[in-house]
Amino acid sequence: MDFELMVGVTPLLLKAAWVTVDISARAISLGFVVACVLVFMRSIKFIPLQWFARGYISVIRGTPYFVQLLLVFYGGPALGIRLDPFTCGVLVGAFNIGAYMSEAIRGALESVDSGQNEASRSIGFGRFQTLTYVVLPQAAGLMIRSVGVLGIVLVKNSSLVSIISVVELTYQAQRLIGSTYKPFEIFALTAVMYICIVYAVMGIVELAYRRATRYTTLVKRVQ
Amino acid sequence: MEFDFSPVITYAPTLLKGMGVTFLIALVVAIFSIVGGLLVAVISIFTNKVVSWPLRFFIWLFMTTPLLLQLYFLYFGLGEWILIPALMVGVLGLGFHYMAYNADIFIATIRSVSSGQYEASRSLGFGHLRTIYYIIVPQAFIRSVPQIGNNLILMVKDTSVLSAIGVAELVYASQYAISVSFRPFEFFIVIAVIYYILNLFMEYGQSRFERMTADRR
């Protein structure tokens, strides 16, 4: 092990790690918005929109993320879509993970007993109020956990963005190996950085989970 | 903006060859990752800490780092000492990655088999290994069918990543065809459709198999 080299390349790798964090954070937030829109589309009683959402989710989940990335980046110009690599990575990541997240959100919402919905409607809450005051607080715990897992999947998938030449962690690692010929040291460092990012996401998810379920777990403890 | 799908037809043999490699990789990796995952799970549960901790560590390591990084490590990192062909590295890398995911599932399902099963089997005269082989593992395996099926579907999609280290599978074949014909959109949309159809078949197979085994779970 060449520790001197490891210390030397750390600043470069940290800079690249920040790009990974940046791209993942943007893609996760945008992906959540996409997911909410998809869930909304599937819940309203307008059949073409439902079909669109279903078809979209099926196609996105049925094709590899890697192929989607290549299709948009290299095939996009044929449709007049020219994106720089970073934007392309964020957008494809968001629209990909959004499809998975919408299924996770829908699953969490459906896990709440339908009697809750009916009871809330019958005591005079509107549809939106029922969602925000009755269903969401009960679904939040499961929703945060399953969306969080997908966030971790996205962080790991963000390594594929190196193929379209975004200088993120994997790209930088590969480039440094090319110039130093010390693959083991650089891979060890890169792996540690990925593990740190993944654990940071896990920590945030756990904090959000505890905050979202602080009342429901209290009820369970009293019972 | 006009589309010309005629190069796709010209290079159909190249794509078909790539598809064959993708199928082959998927098949080998599926067998390797399921058998290996089961072995790793059984060994890490039923042995002492000296054996099980390194195994757990490798499961954890493969689950927390990206597949592409693992492939690069195997291809460029180990390439320092031994030269392994890209196809072999691809199969091994993808195999180890999904072996870790499958082992994680098998560990959970083996633990979910009631300990009464073990005790009953031992009291009927089965030995320790026979109990594991005939009683515990079959029950755990049937229980993990849905999740292993999900992993297999994810794995087939991830075979596309192997093109990054130069395995001549479907994406790589199309990239070659694109470099000659300069028609990226047409080729990528066609292979997306191929993957989608493959995925539909796999989802159908998964739900059939799940229903078949549902009453034994």
# chains A, B, ... in the order shown; residues from 1 in each chain; ligands from 1
call {"tool": "select_by_dssp", "arguments": {"residues": "stretch 36-146 of chain B", "states": "alpha helix (DSSP H)", "output": "PyMOL selection string"}}
result
chain B and resi 36-46+49-64+67-72+86-112+115-123+128-130+137-143+145-146
call {"tool": "interface_residues", "arguments": {"of": "chain A", "to": "chain B", "cutoff": "9 Å", "atoms": "only C-alpha atoms", "output": "VMD selection string"}}
result
chain A and resid 58 to 68 70 to 72 74 to 80 152 to 153 155 to 160 163 170 173 to 174 177 181 to 184 187 190 to 192 194 to 195 198 to 199
call {"tool": "residues_around", "arguments": {"residues": "B:Arg216", "least_positions_apart": "4", "cutoff": "10 Å", "atoms": "only C-alpha atoms", "output": "list of chain:residue names"}}
result
B:Gln139, B:Ile142, B:Arg143, B:Arg211, B:Met212
call {"tool": "write_last_selection", "arguments": {"atoms": "N, CA and C atoms", "output": "PDB file, in the first residue's frame"}}
result
ATOM      1  N   GLN B 139     -36.935 -25.159   2.524  1.00  0.00           N
ATOM      2  CA  GLN B 139     -37.990 -24.241   2.980  1.00  0.00           C
ATOM      3  C   GLN B 139     -37.588 -22.788   2.754  1.00  0.00           C
ATOM      4  N   ILE B 142     -37.765 -21.825  -1.073  1.00  0.00           N
ATOM      5  CA  ILE B 142     -39.119 -21.563  -1.569  1.00  0.00           C
ATOM      6  C   ILE B 142     -39.600 -20.190  -1.104  1.00  0.00           C
ATOM      7  N   ARG B 143     -39.249 -19.838   0.138  1.00  0.00           N
ATOM      8  CA  ARG B 143     -39.697 -18.541   0.670  1.00  0.00           C
ATOM      9  C   ARG B 143     -39.041 -17.373  -0.028  1.00  0.00           C
ATOM     10  N   ARG B 211     -46.634 -18.113  -8.462  1.00  0.00           N
ATOM     11  CA  ARG B 211     -47.928 -18.758  -8.221  1.00  0.00           C
ATOM     12  C   ARG B 211     -47.746 -20.262  -8.019  1.00  0.00           C
ATOM     13  N   MET B 212     -46.818 -20.836  -8.810  1.00  0.00           N
ATOM     14  CA  MET B 212     -46.576 -22.273  -8.706  1.00  0.00           C
ATOM     15  C   MET B 212     -46.103 -22.657  -7.310  1.00  0.00           C
TER      16      MET B 212
END
call {"tool": "atom_distance", "arguments": {"atom1": "atom CA of B:Met88", "atom2": "atom CA of B:Ile25"}}
result
9.5 Å
call {"tool": "residues_around", "arguments": {"residues": "A:Val112", "least_positions_apart": "4", "cutoff": "12 Å", "atoms": "only C-alpha atoms", "output": "list in words"}}
result
Ile105, Arg106, Gly107, Ala108, Gln116, Asn117, Glu118, Thr130, Leu131, Val134, Val135, Leu136, Pro137, Gln138, Ala139, Ala140, Gly141, Leu142 and Met143 of chain A
call {"tool": "write_last_selection", "arguments": {"atoms": "N, CA and C atoms", "output": "short mmCIF file (atom, residue, chain, number, x, y, z; two decimals), in the first residue's frame"}}
result
data_model
loop_
_atom_site.label_atom_id
_atom_site.label_comp_id
_atom_site.auth_asym_id
_atom_site.auth_seq_id
_atom_site.Cartn_x
_atom_site.Cartn_y
_atom_site.Cartn_z
N ILE A 105 -44.19 4.94 -3.32
CA ILE A 105 -45.13 5.85 -2.66
C ILE A 105 -46.54 5.27 -2.70
N ARG A 106 -46.90 4.74 -3.89
CA ARG A 106 -48.24 4.15 -4.03
C ARG A 106 -48.41 2.98 -3.06
N GLY A 107 -47.36 2.15 -2.94
CA GLY A 107 -47.42 1.02 -2.02
C GLY A 107 -47.64 1.48 -0.59
N ALA A 108 -46.92 2.56 -0.21
CA ALA A 108 -47.05 3.07 1.16
C ALA A 108 -48.45 3.62 1.40
N GLN A 116 -59.73 4.02 7.13
CA GLN A 116 -59.25 5.34 7.57
C GLN A 116 -59.73 6.42 6.62
N ASN A 117 -59.60 6.11 5.33
CA ASN A 117 -60.02 7.04 4.29
C ASN A 117 -61.52 7.28 4.38
N GLU A 118 -62.29 6.20 4.46
CA GLU A 118 -63.75 6.32 4.50
C GLU A 118 -64.20 7.08 5.74
N THR A 130 -58.10 14.70 3.66
CA THR A 130 -57.95 13.31 4.07
C THR A 130 -56.53 12.83 3.81
N LEU A 131 -56.04 13.18 2.62
CA LEU A 131 -54.68 12.75 2.26
C LEU A 131 -53.65 13.34 3.21
N VAL A 134 -54.81 12.57 7.33
CA VAL A 134 -55.10 11.22 7.82
C VAL A 134 -54.20 10.16 7.19
N VAL A 135 -54.15 10.12 5.86
CA VAL A 135 -53.43 9.02 5.20
C VAL A 135 -51.91 9.23 5.26
N LEU A 136 -51.44 10.43 4.85
CA LEU A 136 -49.99 10.66 4.78
C LEU A 136 -49.27 10.45 6.11
N PRO A 137 -49.79 10.98 7.23
CA PRO A 137 -49.06 10.75 8.48
C PRO A 137 -48.88 9.28 8.80
N GLN A 138 -49.87 8.45 8.39
CA GLN A 138 -49.74 7.03 8.69
C GLN A 138 -48.84 6.31 7.70
N ALA A 139 -48.81 6.82 6.45
CA ALA A 139 -48.01 6.17 5.41
C ALA A 139 -46.56 6.64 5.45
N ALA A 140 -46.30 7.77 6.14
CA ALA A 140 -45.00 8.44 6.02
C ALA A 140 -43.82 7.54 6.37
N GLY A 141 -43.95 6.75 7.43
CA GLY A 141 -42.83 5.92 7.86
C GLY A 141 -42.38 4.97 6.77
N LEU A 142 -43.32 4.17 6.27
CA LEU A 142 -43.00 3.21 5.22
C LEU A 142 -42.50 3.91 3.96
N MET A 143 -43.14 5.04 3.66
CA MET A 143 -42.79 5.78 2.44
C MET A 143 -41.35 6.27 2.51
#
call {"tool": "residues_around", "arguments": {"residues": "A:Ser162", "least_positions_apart": "5", "cutoff": "9 Å", "atoms": "only C-alpha atoms", "output": "PyMOL selection string"}}
result
chain A and resi 167-172
call {"tool": "write_last_selection", "arguments": {"atoms": "N, CA and C atoms", "output": "PDB file, in the first residue's frame"}}
result
ATOM      1  N   VAL A 167     -17.313  14.191 -14.719  1.00  0.00           N
ATOM      2  CA  VAL A 167     -16.172  13.879 -13.857  1.00  0.00           C
ATOM      3  C   VAL A 167     -16.666  13.654 -12.443  1.00  0.00           C
ATOM      4  N   GLU A 168     -17.236  12.482 -12.172  1.00  0.00           N
ATOM      5  CA  GLU A 168     -17.612  12.148 -10.806  1.00  0.00           C
ATOM      6  C   GLU A 168     -16.677  11.061 -10.292  1.00  0.00           C
ATOM      7  N   LEU A 169     -17.037  10.491  -9.146  1.00  0.00           N
ATOM      8  CA  LEU A 169     -16.097   9.644  -8.401  1.00  0.00           C
ATOM      9  C   LEU A 169     -15.504   8.513  -9.243  1.00  0.00           C
ATOM     10  N   THR A 170     -16.366   7.766  -9.932  1.00  0.00           N
ATOM     11  CA  THR A 170     -15.854   6.612 -10.688  1.00  0.00           C
ATOM     12  C   THR A 170     -14.964   7.052 -11.839  1.00  0.00           C
ATOM     13  N   TYR A 171     -15.374   8.132 -12.514  1.00  0.00           N
ATOM     14  CA  TYR A 171     -14.589   8.647 -13.643  1.00  0.00           C
ATOM     15  C   TYR A 171     -13.209   9.083 -13.172  1.00  0.00           C
ATOM     16  N   GLN A 172     -13.210   9.853 -12.050  1.00  0.00           N
ATOM     17  CA  GLN A 172     -11.943  10.358 -11.517  1.00  0.00           C
ATOM     18  C   GLN A 172     -11.043   9.205 -11.092  1.00  0.00           C
TER      19      GLN A 172
END
call {"tool": "closest_residue", "arguments": {"among": "A:Thr132, A:Thr216, A:Thr180, A:Ser43", "to": "A:Ser102", "atoms": "only C-alpha atoms"}}
result
A:Ser43
call {"tool": "residues_around", "arguments": {"residues": "B:Ile105", "least_positions_apart": "5", "cutoff": "9 Å", "atoms": "only C-alpha atoms", "output": "list in words"}}
result
Gly37, Ala41, Ala100, Ile110, Ser144, Gln147 and Ile148 of chain B
call {"tool": "residues_around", "arguments": {"residues": "A:Arg26", "least_positions_apart": "3", "cutoff": "12 Å", "atoms": "only C-alpha atoms", "output": "ChimeraX atom specification"}}
result
/A:19-23,29-33,86-95,97,151,154-155,158
call {"tool": "atom_distance", "arguments": {"atom1": "atom CA of B:Val145", "atom2": "atom CA of B:Leu94"}}
result
19.8 Å
call {"tool": "closest_residue", "arguments": {"among": "B:Ala214, B:Val42, B:Ala86, B:Val51", "to": "B:Tyr133", "atoms": "only C-alpha atoms"}}
result
B:Val42
call {"tool": "closest_residue", "arguments": {"among": "B:Ser6, B:Thr14, B:Ser44, B:Ser121", "to": "B:Tyr176", "atoms": "only C-alpha atoms"}}
result
B:Thr14
call {"tool": "decode", "arguments": {"residues": "stretch 6-91 of chain A", "atoms": "C-alpha atoms", "output": "compact mmCIF listing (two decimals), in the first residue's frame"}}
result
# COMPACT_ATOMS: atom_id res chain seq x y z
CA MET A 6 -3.43 7.86 -1.22
CA VAL A 7 -3.06 11.11 0.73
CA GLY A 8 -1.98 12.87 -2.46
CA VAL A 9 -5.02 11.92 -4.54
CA THR A 10 -7.56 12.45 -1.74
CA PRO A 11 -8.33 16.12 -2.59
CA LEU A 12 -9.00 15.20 -6.23
CA LEU A 13 -11.25 12.31 -5.24
CA LEU A 14 -13.07 14.42 -2.64
CA LYS A 15 -13.83 17.00 -5.31
CA ALA A 16 -15.19 14.25 -7.54
CA ALA A 17 -17.16 12.81 -4.61
CA TRP A 18 -18.85 16.18 -4.24
CA VAL A 19 -19.97 15.95 -7.89
CA THR A 20 -21.46 12.52 -7.11
CA VAL A 21 -23.27 13.97 -4.09
CA ASP A 22 -24.45 16.97 -6.12
CA ILE A 23 -25.78 14.90 -9.02
CA SER A 24 -27.45 12.41 -6.66
CA ALA A 25 -29.08 15.07 -4.50
CA ARG A 26 -30.51 16.87 -7.52
CA ALA A 27 -31.70 13.65 -9.15
CA ILE A 28 -33.31 12.39 -5.94
CA SER A 29 -35.21 15.65 -5.30
CA LEU A 30 -36.36 15.96 -8.91
CA GLY A 31 -37.17 12.23 -8.99
CA PHE A 32 -39.41 12.63 -5.95
CA VAL A 33 -41.36 15.36 -7.75
CA VAL A 34 -41.68 13.12 -10.84
CA ALA A 35 -42.88 10.29 -8.59
CA CYS A 36 -45.53 12.48 -6.94
CA VAL A 37 -46.81 13.60 -10.34
CA LEU A 38 -47.01 9.96 -11.48
CA VAL A 39 -48.88 8.92 -8.34
CA PHE A 40 -51.28 11.83 -8.87
CA MET A 41 -51.81 10.83 -12.51
CA ARG A 42 -52.65 7.28 -11.54
CA SER A 43 -55.09 8.38 -8.81
CA ILE A 44 -57.36 10.68 -10.83
CA LYS A 45 -60.26 9.32 -12.83
CA PHE A 46 -59.08 10.20 -16.31
CA ILE A 47 -58.21 6.98 -18.13
CA PRO A 48 -55.67 8.28 -20.72
CA LEU A 49 -53.54 9.86 -17.98
CA GLN A 50 -53.65 6.64 -15.97
CA TRP A 51 -52.56 4.68 -19.01
CA PHE A 52 -49.77 7.12 -19.70
CA ALA A 53 -48.46 6.86 -16.14
CA ARG A 54 -48.69 3.06 -16.18
CA GLY A 55 -46.97 2.78 -19.54
CA TYR A 56 -44.25 5.18 -18.46
CA ILE A 57 -43.54 3.26 -15.26
CA SER A 58 -43.54 -0.07 -17.10
CA VAL A 59 -41.17 1.12 -19.83
CA ILE A 60 -38.75 2.83 -17.43
CA ARG A 61 -38.64 -0.16 -15.11
CA GLY A 62 -38.36 -2.54 -18.03
CA THR A 63 -35.28 -1.07 -19.67
CA PRO A 64 -31.76 -0.71 -18.23
CA TYR A 65 -30.82 2.67 -16.74
CA PHE A 66 -27.58 2.48 -18.70
CA VAL A 67 -29.42 2.20 -22.04
CA GLN A 68 -31.71 5.10 -21.08
CA LEU A 69 -28.67 7.21 -20.34
CA LEU A 70 -27.01 6.37 -23.67
CA LEU A 71 -30.27 6.86 -25.56
CA VAL A 72 -30.86 10.36 -24.18
CA PHE A 73 -27.24 11.48 -24.37
CA TYR A 74 -26.24 10.10 -27.78
CA GLY A 75 -29.69 9.69 -29.34
CA GLY A 76 -31.14 12.93 -28.00
CA PRO A 77 -29.59 15.19 -30.67
CA ALA A 78 -31.58 13.28 -33.34
CA LEU A 79 -34.71 14.63 -31.61
CA GLY A 80 -33.19 18.06 -31.13
CA ILE A 81 -32.41 17.47 -27.43
CA ARG A 82 -28.85 18.53 -26.67
CA LEU A 83 -27.89 18.28 -23.02
CA ASP A 84 -24.57 18.71 -21.32
CA PRO A 85 -23.42 15.52 -19.53
CA PHE A 86 -24.20 16.75 -16.01
CA THR A 87 -27.76 17.87 -16.83
CA CYS A 88 -28.31 14.66 -18.78
CA GLY A 89 -27.17 12.60 -15.78
CA VAL A 90 -29.48 14.49 -13.41
CA LEU A 91 -32.52 14.32 -15.71
